[in-house]
Amino acid sequence: MFAEYAANKGTDANAYEDVYLKADELGDQVTGDLKGLFASLSVLALEHATATETGGSPSQEARDAVSDQFKVSAPTCTAEGVTLRL
């Protein structure tokens, strides 16, 4: 999912919407801290989709929410052998 997100250089709103859908789906499959991580990624992807269409950028609040959730989720992910990187 991150690779798809990173590959989009801000030009394809549909690609961001695809990331939103995937994050939303994965969020339904996890528990605890990870729910917040996927929820924040969903919001950021939607904001990127809108920004792509309007020429703006995602809100600082959405970017901060992802950053905060990465910090909260990192111990859970590390325990499962997954390293989070911003």
# chains A, B, ... in the order shown; residues from 1 in each chain; ligands from 1
$ residues_around --residues "Lys35 of chain A" --least-positions-apart "3" --cutoff "12 Å" --atoms "only C-alpha atoms" --output "VMD selection string"
chain A and resid 23 to 32 38 to 42 66 69 to 70 72 to 73 76
$ atom_distance --atom1 "atom CA of Val19 of chain A" --atom2 "atom CA of Glu53 of chain A"
15.8 Å
$ residues_around --residues "Pro75 of chain A" --least-positions-apart "5" --cutoff "12 Å" --atoms "only C-alpha atoms" --output "short mmCIF file (atom, residue, chain, number, x, y, z; two decimals) with N, CA and C atoms, in the first residue's frame"
data_model
loop_
_atom_site.label_atom_id
_atom_site.label_comp_id
_atom_site.auth_asym_id
_atom_site.auth_seq_id
_atom_site.Cartn_x
_atom_site.Cartn_y
_atom_site.Cartn_z
N GLY A 32 -6.82 -2.70 17.86
CA GLY A 32 -5.94 -1.88 18.68
C GLY A 32 -5.37 -0.68 17.96
N ASP A 33 -4.09 -0.42 18.23
CA ASP A 33 -3.39 0.74 17.69
C ASP A 33 -3.42 0.79 16.16
N LEU A 34 -3.45 -0.37 15.55
CA LEU A 34 -3.38 -0.41 14.09
C LEU A 34 -4.64 0.15 13.43
N GLN A 69 0.03 8.50 14.63
CA GLN A 69 -0.36 7.08 14.63
C GLN A 69 0.82 6.17 14.33
N PHE A 70 1.77 6.62 13.53
CA PHE A 70 2.99 5.84 13.30
C PHE A 70 3.70 5.63 14.63
N GLU A 80 5.84 -7.47 15.70
CA GLU A 80 5.43 -8.42 14.64
C GLU A 80 6.46 -8.50 13.52
N GLY A 81 7.60 -7.81 13.71
CA GLY A 81 8.65 -7.86 12.70
C GLY A 81 8.47 -6.89 11.55
N VAL A 82 7.64 -5.85 11.75
CA VAL A 82 7.40 -4.85 10.72
C VAL A 82 7.97 -3.52 11.21
N THR A 83 8.76 -2.88 10.37
CA THR A 83 9.34 -1.59 10.71
C THR A 83 8.58 -0.50 9.98
N LEU A 84 8.06 0.46 10.72
CA LEU A 84 7.37 1.60 10.12
C LEU A 84 8.36 2.71 9.83
#
$ residues_around --residues "Ala62 of chain A" --least-positions-apart "3" --cutoff "6 Å" --atoms "only C-alpha atoms" --output "PyMOL selection string"
chain A and resi 44+59+65
$ write_last_selection --atoms "N, CA and C atoms" --output "PDB file, in the first residue's frame"
ATOM      1  N   LEU A  44      -5.706  10.735   5.054  1.00  0.00           N
ATOM      2  CA  LEU A  44      -4.651  11.404   4.287  1.00  0.00           C
ATOM      3  C   LEU A  44      -4.779  11.100   2.796  1.00  0.00           C
ATOM      4  N   SER A  59      -4.174  18.641   4.503  1.00  0.00           N
ATOM      5  CA  SER A  59      -4.070  19.494   5.686  1.00  0.00           C
ATOM      6  C   SER A  59      -2.930  19.038   6.590  1.00  0.00           C
ATOM      7  N   ALA A  65      -1.742  13.577  12.010  1.00  0.00           N
ATOM      8  CA  ALA A  65      -2.440  12.384  12.515  1.00  0.00           C
ATOM      9  C   ALA A  65      -1.715  11.111  12.097  1.00  0.00           C
TER      10      ALA A  65
END
$ residues_around --residues "Thr54 of chain A" --least-positions-apart "4" --cutoff "12 Å" --atoms "only C-alpha atoms" --output "PyMOL selection string"
chain A and resi 10-13+47-50+58
$ atom_distance --atom1 "atom CA of Asp64 of chain A" --atom2 "atom CA of Asn14 of chain A"
23.1 Å
$ atom_distance --atom1 "atom CA of Glu17 of chain A" --atom2 "atom CA of Ser57 of chain A"
14.9 Å
$ residues_around --residues "segment 1-4 of chain A" --least-positions-apart "3" --cutoff "9 Å" --atoms "only C-alpha atoms" --output "PyMOL selection string"
chain A and resi 7-8+15-16+18-19+22-23
$ select_by_dssp --residues "segment 17-81 of chain A" --states "helix (DSSP H, G or I)" --output "NGL selection string"
:A and (17-27 or 33-54 or 60-79)
$ write_last_selection --atoms "C-alpha atoms" --output "compact mmCIF listing (two decimals), in the first residue's frame"
# COMPACT_ATOMS: atom_id res chain seq x y z
CA GLU A 17 -8.66 6.85 -3.81
CA ASP A 18 -7.44 3.27 -4.35
CA VAL A 19 -5.05 3.69 -1.42
CA TYR A 20 -7.95 5.03 0.65
CA LEU A 21 -10.06 1.97 -0.16
CA LYS A 22 -7.23 -0.41 0.65
CA ALA A 23 -6.42 1.35 3.95
CA ASP A 24 -10.10 1.34 4.88
CA GLU A 25 -10.39 -2.38 4.11
CA LEU A 26 -7.23 -3.25 6.03
CA GLY A 27 -8.38 -1.11 8.95
CA ASP A 33 -3.39 0.74 17.69
CA LEU A 34 -3.38 -0.41 14.09
CA LYS A 35 -7.00 0.70 13.57
CA GLY A 36 -5.91 4.29 14.15
CA LEU A 37 -2.98 3.92 11.79
CA PHE A 38 -5.13 2.72 8.90
CA ALA A 39 -7.84 5.29 9.67
CA SER A 40 -5.32 8.13 9.53
CA LEU A 41 -3.86 6.78 6.28
CA SER A 42 -7.39 6.67 4.83
CA VAL A 43 -8.00 10.31 5.70
CA LEU A 44 -4.65 11.40 4.29
CA ALA A 45 -5.24 9.50 1.05
CA LEU A 46 -8.66 11.12 0.61
CA GLU A 47 -7.20 14.55 1.26
CA HIS A 48 -4.47 13.86 -1.30
CA ALA A 49 -7.12 12.82 -3.84
CA THR A 50 -8.99 16.07 -3.30
CA ALA A 51 -5.79 18.10 -3.36
CA THR A 52 -4.80 16.52 -6.65
CA GLU A 53 -8.07 17.66 -8.18
CA THR A 54 -7.99 21.18 -6.70
CA GLN A 60 -1.36 19.65 8.29
CA GLU A 61 -3.80 17.99 10.69
CA ALA A 62 -4.08 14.93 8.43
CA ARG A 63 -0.31 14.71 8.08
CA ASP A 64 0.15 15.10 11.83
CA ALA A 65 -2.44 12.38 12.52
CA VAL A 66 -0.49 9.90 10.39
CA SER A 67 2.75 10.84 12.13
CA ASP A 68 1.14 10.45 15.55
CA GLN A 69 -0.36 7.08 14.63
CA PHE A 70 2.99 5.84 13.30
CA LYS A 71 4.50 6.61 16.70
CA VAL A 72 1.66 4.89 18.55
CA SER A 73 1.68 1.83 16.26
CA ALA A 74 5.44 1.37 15.99
CA PRO A 75 5.84 -0.90 19.05
CA THR A 76 3.01 -3.16 17.89
CA CYS A 77 4.45 -3.39 14.40
CA THR A 78 8.01 -3.93 15.61
CA ALA A 79 6.83 -6.80 17.81
